[in-house]
Amino acid sequence: MLDKNTITARLCGALEPLPYIHAFWLEGADAAGMADEYSDIDYWVDVDDEMEAQAISAVENALSGLADIDFFYVFDHPHPKIRQRIYHLKGTGEFLMIDFCWQLHSRPQEEYGYYENDPVEAAKVLFDKDNVIHWQPMDLSGFADANAARFREACYRRTQHCRVVKYIRRGLYLEAYAHYNEYILEPLIVLLRILYTPAYADYYLTHISRHIPAPERAKLEEFSRISSLKDMEAKIPPAGKWFDELARRTGLQP
């Protein structure tokens with residue numbers, strides 16, 4: 001069965017000689033050293049703008065030279081300088097999806113980069129011919145205004161727990177569940193993110209189990225387990241108390 005090392009070696013051999021590809025690197029679990037048997041693989045290349053189509057063909061030719069591509073999806077990436085496609089190769093494990101991004105070389109370097117000693121995001125350079133991939137010190141002051149705004153929004157939601165209770169009292173589980181997530185759980189997640197991953201306060205639940213201490217994770221999981229309207233209502237007061245504790249720990253003001 002094909003594995004990640006074989007796929008990566010094939011791609012490196014095919015892409016590194018191409019003059020219009022400047023760099024090739026890994027992100028995600030493989031770059032962070034956290035990959036397991038369920039992880040996909042996240043590849044990035046930096047490519048000359050006018051050679052975008054050729055770069056995509058080079059990747060797909062390399063992959064199909066290993067095995068048939070039995071899944072293919074073009075992802076509509078929101079950034080105008082990034083193209084993204086998802087692949088799966090026949091005969092590989094069902095979880096080994098290949099998430100491939102092409103970054104156009106004209107993307108300004110100040111838009112991207114990696115923080116030194118970053119506990120959340122990482123890059124593993126496979127080759128870099130043009131100093132495309134760069135690291136910089138993490139300056140948390142750059143996130144202060146955005147996190148203060150997130151904190152204020154979370155505090156507002158803390159005052160609106162009655163929006164959940166009214167749907168509980170009406171016996172409308174779906175509406176109560178939606179409002180519980182919006183006004184109870186999401187504010188807790190925002191505060192935990194501000195405390196533990198302030199540079200990634202917008203990451204919501206993405207890999208949060210890796211990013212917060214085990215006792216906090218267990219507590220958040222408990223508030224996430226809802227079996228009934230009665231259970232939901234019982235959890236609102238202690239969730240509010242925990243929110244207040246976390247808010248004090250941030251040192252921020254509403």
# chains A, B, ... in the order shown; residues from 1 in each chain; ligands from 1
>>> closest_atom_pairs(of="stretch 5-66 of chain A", to="stretch 131-154 of chain A", cutoff="9 Å", atoms="only C-alpha atoms", output="JSON lines")
{"residue": "A:His22", "atom": "CA", "partner": "A:Val132", "partner_atom": "CA", "distance": 7.2}
{"residue": "A:Ala23", "atom": "CA", "partner": "A:Val132", "partner_atom": "CA", "distance": 6.5}
{"residue": "A:Trp25", "atom": "CA", "partner": "A:Ile133", "partner_atom": "CA", "distance": 8.5}
{"residue": "A:Asp46", "atom": "CA", "partner": "A:Val132", "partner_atom": "CA", "distance": 7.5}
>>> select_by_dssp(residues="stretch 62-171 of chain A", states="helix (DSSP H, G or I)", output="number ranges by chain")
A: 62-64, 109-111, 140-158, 162-170
>>> write_last_selection(atoms="N, CA and C atoms", output="mmCIF file, in the first residue's frame")
data_model
loop_
_atom_site.group_PDB
_atom_site.id
_atom_site.type_symbol
_atom_site.label_atom_id
_atom_site.label_comp_id
_atom_site.auth_asym_id
_atom_site.auth_seq_id
_atom_site.Cartn_x
_atom_site.Cartn_y
_atom_site.Cartn_z
ATOM 1 N N ALA A 62 2.221 13.386 -11.460
ATOM 2 C CA ALA A 62 3.041 12.665 -10.480
ATOM 3 C C ALA A 62 2.180 11.727 -9.641
ATOM 4 N N LEU A 63 1.033 12.198 -9.221
ATOM 5 C CA LEU A 63 0.154 11.368 -8.401
ATOM 6 C C LEU A 63 -0.395 10.181 -9.197
ATOM 7 N N SER A 64 -0.854 10.453 -10.407
ATOM 8 C CA SER A 64 -1.437 9.371 -11.218
ATOM 9 C C SER A 64 -0.384 8.367 -11.662
ATOM 10 N N GLN A 109 4.613 38.488 0.472
ATOM 11 C CA GLN A 109 5.161 37.707 1.579
ATOM 12 C C GLN A 109 4.640 38.162 2.933
ATOM 13 N N GLU A 110 4.280 39.423 3.052
ATOM 14 C CA GLU A 110 3.779 39.893 4.344
ATOM 15 C C GLU A 110 2.423 39.290 4.694
ATOM 16 N N GLU A 111 1.764 38.670 3.722
ATOM 17 C CA GLU A 111 0.466 38.044 3.968
ATOM 18 C C GLU A 111 0.585 36.691 4.651
ATOM 19 N N LEU A 140 2.193 38.963 19.963
ATOM 20 C CA LEU A 140 0.773 38.852 20.314
ATOM 21 C C LEU A 140 0.071 40.196 20.340
ATOM 22 N N SER A 141 0.836 41.287 20.390
ATOM 23 C CA SER A 141 0.190 42.603 20.394
ATOM 24 C C SER A 141 -0.581 42.835 19.098
ATOM 25 N N GLY A 142 -0.182 42.155 18.045
ATOM 26 C CA GLY A 142 -0.868 42.312 16.772
ATOM 27 C C GLY A 142 -2.271 41.726 16.753
ATOM 28 N N PHE A 143 -2.586 40.924 17.753
ATOM 29 C CA PHE A 143 -3.908 40.302 17.827
ATOM 30 C C PHE A 143 -4.790 40.929 18.903
ATOM 31 N N ALA A 144 -4.252 41.918 19.595
ATOM 32 C CA ALA A 144 -4.955 42.463 20.759
ATOM 33 C C ALA A 144 -6.303 43.067 20.400
ATOM 34 N N ASP A 145 -6.351 43.873 19.359
ATOM 35 C CA ASP A 145 -7.613 44.542 19.017
ATOM 36 C C ASP A 145 -8.677 43.535 18.598
ATOM 37 N N ALA A 146 -8.298 42.580 17.756
ATOM 38 C CA ALA A 146 -9.266 41.586 17.299
ATOM 39 C C ALA A 146 -9.770 40.734 18.453
ATOM 40 N N ASN A 147 -8.870 40.364 19.352
ATOM 41 C CA ASN A 147 -9.292 39.538 20.482
ATOM 42 C C ASN A 147 -10.141 40.327 21.468
ATOM 43 N N ALA A 148 -9.862 41.616 21.614
ATOM 44 C CA ALA A 148 -10.705 42.449 22.467
ATOM 45 C C ALA A 148 -12.122 42.523 21.918
ATOM 46 N N ALA A 149 -12.241 42.611 20.597
ATOM 47 C CA ALA A 149 -13.567 42.634 19.972
ATOM 48 C C ALA A 149 -14.271 41.294 20.163
ATOM 49 N N ARG A 150 -13.538 40.195 20.029
ATOM 50 C CA ARG A 150 -14.127 38.878 20.262
ATOM 51 C C ARG A 150 -14.583 38.748 21.715
ATOM 52 N N PHE A 151 -13.785 39.279 22.610
ATOM 53 C CA PHE A 151 -14.134 39.215 24.026
ATOM 54 C C PHE A 151 -15.416 39.985 24.311
ATOM 55 N N ARG A 152 -15.534 41.164 23.736
ATOM 56 C CA ARG A 152 -16.746 41.960 23.953
ATOM 57 C C ARG A 152 -17.986 41.240 23.420
ATOM 58 N N GLU A 153 -17.856 40.632 22.247
ATOM 59 C CA GLU A 153 -18.980 39.891 21.679
ATOM 60 C C GLU A 153 -19.349 38.711 22.579
ATOM 61 N N ALA A 154 -18.343 38.010 23.094
ATOM 62 C CA ALA A 154 -18.607 36.880 23.981
ATOM 63 C C ALA A 154 -19.305 37.344 25.258
ATOM 64 N N CYS A 155 -18.877 38.481 25.790
ATOM 65 C CA CYS A 155 -19.513 39.002 27.004
ATOM 66 C C CYS A 155 -20.969 39.386 26.733
ATOM 67 N N TYR A 156 -21.235 39.935 25.577
ATOM 68 C CA TYR A 156 -22.624 40.235 25.219
ATOM 69 C C TYR A 156 -23.450 38.950 25.210
ATOM 70 N N ARG A 157 -22.920 37.926 24.606
ATOM 71 C CA ARG A 157 -23.669 36.672 24.542
ATOM 72 C C ARG A 157 -23.895 36.097 25.934
ATOM 73 N N ARG A 158 -22.939 36.324 26.813
ATOM 74 C CA ARG A 158 -23.103 35.852 28.205
ATOM 75 C C ARG A 158 -24.337 36.475 28.837
ATOM 76 N N CYS A 162 -30.964 34.022 28.444
ATOM 77 C CA CYS A 162 -32.424 33.880 28.402
ATOM 78 C C CYS A 162 -32.915 33.483 27.014
ATOM 79 N N ARG A 163 -32.132 33.791 25.983
ATOM 80 C CA ARG A 163 -32.519 33.399 24.623
ATOM 81 C C ARG A 163 -32.554 31.873 24.483
ATOM 82 N N VAL A 164 -31.706 31.204 25.238
ATOM 83 C CA VAL A 164 -31.718 29.748 25.234
ATOM 84 C C VAL A 164 -32.890 29.240 26.067
ATOM 85 N N VAL A 165 -33.029 29.817 27.239
ATOM 86 C CA VAL A 165 -34.037 29.344 28.184
ATOM 87 C C VAL A 165 -35.446 29.427 27.590
ATOM 88 N N LYS A 166 -35.729 30.472 26.831
ATOM 89 C CA LYS A 166 -37.090 30.615 26.310
ATOM 90 C C LYS A 166 -37.456 29.480 25.357
ATOM 91 N N TYR A 167 -36.487 29.005 24.586
ATOM 92 C CA TYR A 167 -36.782 27.887 23.687
ATOM 93 C C TYR A 167 -36.870 26.571 24.456
ATOM 94 N N ILE A 168 -36.097 26.477 25.536
ATOM 95 C CA ILE A 168 -36.228 25.301 26.397
ATOM 96 C C ILE A 168 -37.634 25.244 26.981
ATOM 97 N N ARG A 169 -38.096 26.383 27.493
ATOM 98 C CA ARG A 169 -39.430 26.428 28.106
ATOM 99 C C ARG A 169 -40.534 26.194 27.071
ATOM 100 N N ARG A 170 -40.271 26.545 25.819
ATOM 101 C CA ARG A 170 -41.254 26.295 24.751
ATOM 102 C C ARG A 170 -41.234 24.841 24.284
#
>>> closest_residue(among="A:Thr159, A:Ile212, A:Arg217, A:Gly171", to="A:Lys241", atoms="only C-alpha atoms")
A:Thr159
>>> residues_around(residues="A:Phe223", least_positions_apart="2", cutoff="9 Å", atoms="only C-alpha atoms", output="list in words")
Ile184, Leu185, Ala218, Lys219, Leu220, Glu221, Arg225, Ile226, Met232, Lys235, Ile236, Pro238 and Ala239 of chain A
>>> write_last_selection(atoms="C-alpha atoms", output="PDB file, in the first residue's frame")
ATOM      1  CA  ILE A 184     -23.347  29.170  25.865  1.00  0.00           C
ATOM      2  CA  LEU A 185     -20.681  27.091  24.117  1.00  0.00           C
ATOM      3  CA  ALA A 218     -12.857  17.801  29.915  1.00  0.00           C
ATOM      4  CA  LYS A 219     -14.950  20.676  31.226  1.00  0.00           C
ATOM      5  CA  LEU A 220     -15.773  21.942  27.734  1.00  0.00           C
ATOM      6  CA  GLU A 221     -16.669  18.421  26.637  1.00  0.00           C
ATOM      7  CA  ARG A 225     -22.847  16.810  26.022  1.00  0.00           C
ATOM      8  CA  ILE A 226     -26.563  17.523  25.789  1.00  0.00           C
ATOM      9  CA  MET A 232     -29.444  21.776  28.678  1.00  0.00           C
ATOM     10  CA  LYS A 235     -25.926  23.257  32.452  1.00  0.00           C
ATOM     11  CA  ILE A 236     -26.567  26.925  31.743  1.00  0.00           C
ATOM     12  CA  PRO A 238     -22.506  26.447  35.757  1.00  0.00           C
ATOM     13  CA  ALA A 239     -21.485  27.350  32.202  1.00  0.00           C
TER      14      ALA A 239
END
>>> atom_distance(atom1="atom CA of A:Lys124", atom2="atom CA of A:Tyr112")
14.9 Å
>>> residues_around(residues="A:His88", least_positions_apart="3", cutoff="7 Å", atoms="only C-alpha atoms", output="compact mmCIF listing (two decimals) with N, CA, C and O atoms, in the first residue's frame")
# COMPACT_ATOMS: atom_id res chain seq x y z
N ILE A 69 -6.17 8.20 -9.57
CA ILE A 69 -6.84 9.15 -8.69
C ILE A 69 -8.32 8.79 -8.68
O ILE A 69 -9.01 8.92 -9.68
N ASP A 70 -8.80 8.27 -7.54
CA ASP A 70 -10.19 7.82 -7.48
C ASP A 70 -11.12 8.81 -6.80
O ASP A 70 -12.32 8.56 -6.68
N PHE A 71 -10.54 9.94 -6.34
CA PHE A 71 -11.36 11.04 -5.82
C PHE A 71 -10.66 12.34 -6.16
O PHE A 71 -9.43 12.44 -6.03
N PHE A 72 -11.47 13.33 -6.57
CA PHE A 72 -10.90 14.60 -7.02
C PHE A 72 -11.92 15.68 -6.76
O PHE A 72 -13.10 15.53 -7.10
N LEU A 96 -6.36 8.76 3.96
CA LEU A 96 -5.20 9.44 3.37
C LEU A 96 -5.64 10.31 2.20
O LEU A 96 -5.35 10.04 1.03
N MET A 97 -6.35 11.39 2.52
CA MET A 97 -6.70 12.38 1.52
C MET A 97 -5.49 13.30 1.31
O MET A 97 -4.76 13.62 2.25
N ILE A 98 -5.30 13.72 0.07
CA ILE A 98 -4.20 14.61 -0.28
C ILE A 98 -4.78 16.00 -0.52
O ILE A 98 -5.51 16.22 -1.48
>>> residues_around(residues="A:Gly28", least_positions_apart="4", cutoff="12 Å", atoms="only C-alpha atoms", output="number ranges by chain")
A: 32-36, 39-44, 98-100, 119-124, 206-207
>>> select_by_dssp(residues="stretch 46-226 of chain A", states="strand (DSSP E or B)", output="ChimeraX atom specification")
/A:46-47,69-75,82-89,98-104,114-115,124-128,135-136
>>> closest_residue(among="A:Asp49, A:Lys230, A:Glu222, A:Gly240", to="A:Leu188", atoms="only C-alpha atoms")
A:Gly240
>>> closest_residue(among="A:Tyr87, A:Phe127, A:Phe24, A:Tyr177", to="A:Glu233", atoms="only C-alpha atoms")
A:Tyr177
>>> closest_residue(among="A:Asp130, A:Leu191, A:Leu11, A:Leu172", to="A:Leu26", atoms="only C-alpha atoms")
A:Leu11
>>> closest_residue(among="A:Gln253, A:Thr6, A:Gln160, A:Asn117", to="A:Thr92", atoms="only C-alpha atoms")
A:Thr6
>>> residues_around(residues="A:Cys101", least_positions_apart="3", cutoff="7 Å", atoms="only C-alpha atoms", output="JSON, numbers by chain")
{"A": [43, 44, 45, 82, 83, 84, 85]}
>>> write_last_selection(atoms="N, CA and C atoms", output="compact mmCIF listing (two decimals), in the first residue's frame")
# COMPACT_ATOMS: atom_id res chain seq x y z
N TYR A 43 -0.13 19.45 1.40
CA TYR A 43 1.00 19.92 0.60
C TYR A 43 0.75 21.35 0.11
N TRP A 44 1.85 22.10 0.03
CA TRP A 44 1.82 23.44 -0.57
C TRP A 44 2.99 23.59 -1.53
N VAL A 45 2.74 24.29 -2.64
CA VAL A 45 3.82 24.72 -3.51
C VAL A 45 3.65 26.21 -3.81
N ILE A 82 -4.50 31.59 -4.17
CA ILE A 82 -4.33 30.20 -3.77
C ILE A 82 -5.32 29.33 -4.53
N ARG A 83 -4.82 28.22 -5.06
CA ARG A 83 -5.65 27.22 -5.69
C ARG A 83 -5.58 25.95 -4.83
N GLN A 84 -6.68 25.25 -4.72
CA GLN A 84 -6.70 24.08 -3.83
C GLN A 84 -7.49 22.95 -4.45
N ARG A 85 -6.94 21.74 -4.35
CA ARG A 85 -7.62 20.54 -4.83
C ARG A 85 -7.40 19.41 -3.83
>>> closest_residue(among="A:Ala58, A:Ala31, A:Glu186, A:Asn181", to="A:Asp118", atoms="only C-alpha atoms")
A:Ala31
>>> residues_around(residues="A:Tyr196", least_positions_apart="2", cutoff="10 Å", atoms="only C-alpha atoms", output="PDB file with C-alpha atoms, in the first residue's frame")
ATOM      1  CA  PRO A 119       2.230  25.533  19.108  1.00  0.00           C
ATOM      2  CA  LEU A 191     -12.340  32.740  25.934  1.00  0.00           C
ATOM      3  CA  LEU A 192     -10.368  29.503  25.943  1.00  0.00           C
ATOM      4  CA  ARG A 193      -8.875  30.457  22.592  1.00  0.00           C
ATOM      5  CA  ILE A 194      -7.944  33.927  23.825  1.00  0.00           C
ATOM      6  CA  PRO A 198      -4.395  34.095  21.252  1.00  0.00           C
ATOM      7  CA  ALA A 199      -2.887  34.161  17.763  1.00  0.00           C
ATOM      8  CA  TYR A 200      -5.614  31.745  16.617  1.00  0.00           C
ATOM      9  CA  ALA A 201      -8.647  32.925  18.532  1.00  0.00           C
ATOM     10  CA  ILE A 208      -8.832  22.415  20.249  1.00  0.00           C
ATOM     11  CA  HIS A 211      -4.486  23.326  22.279  1.00  0.00           C
ATOM     12  CA  ILE A 212      -6.022  23.563  25.739  1.00  0.00           C
ATOM     13  CA  PRO A 213      -5.100  21.771  28.987  1.00  0.00           C
ATOM     14  CA  THR A 250      -8.147  37.120  30.413  1.00  0.00           C
TER      15      THR A 250
END
>>> atom_distance(atom1="atom CA of A:Pro19", atom2="atom CA of A:Arg107")
17.8 Å
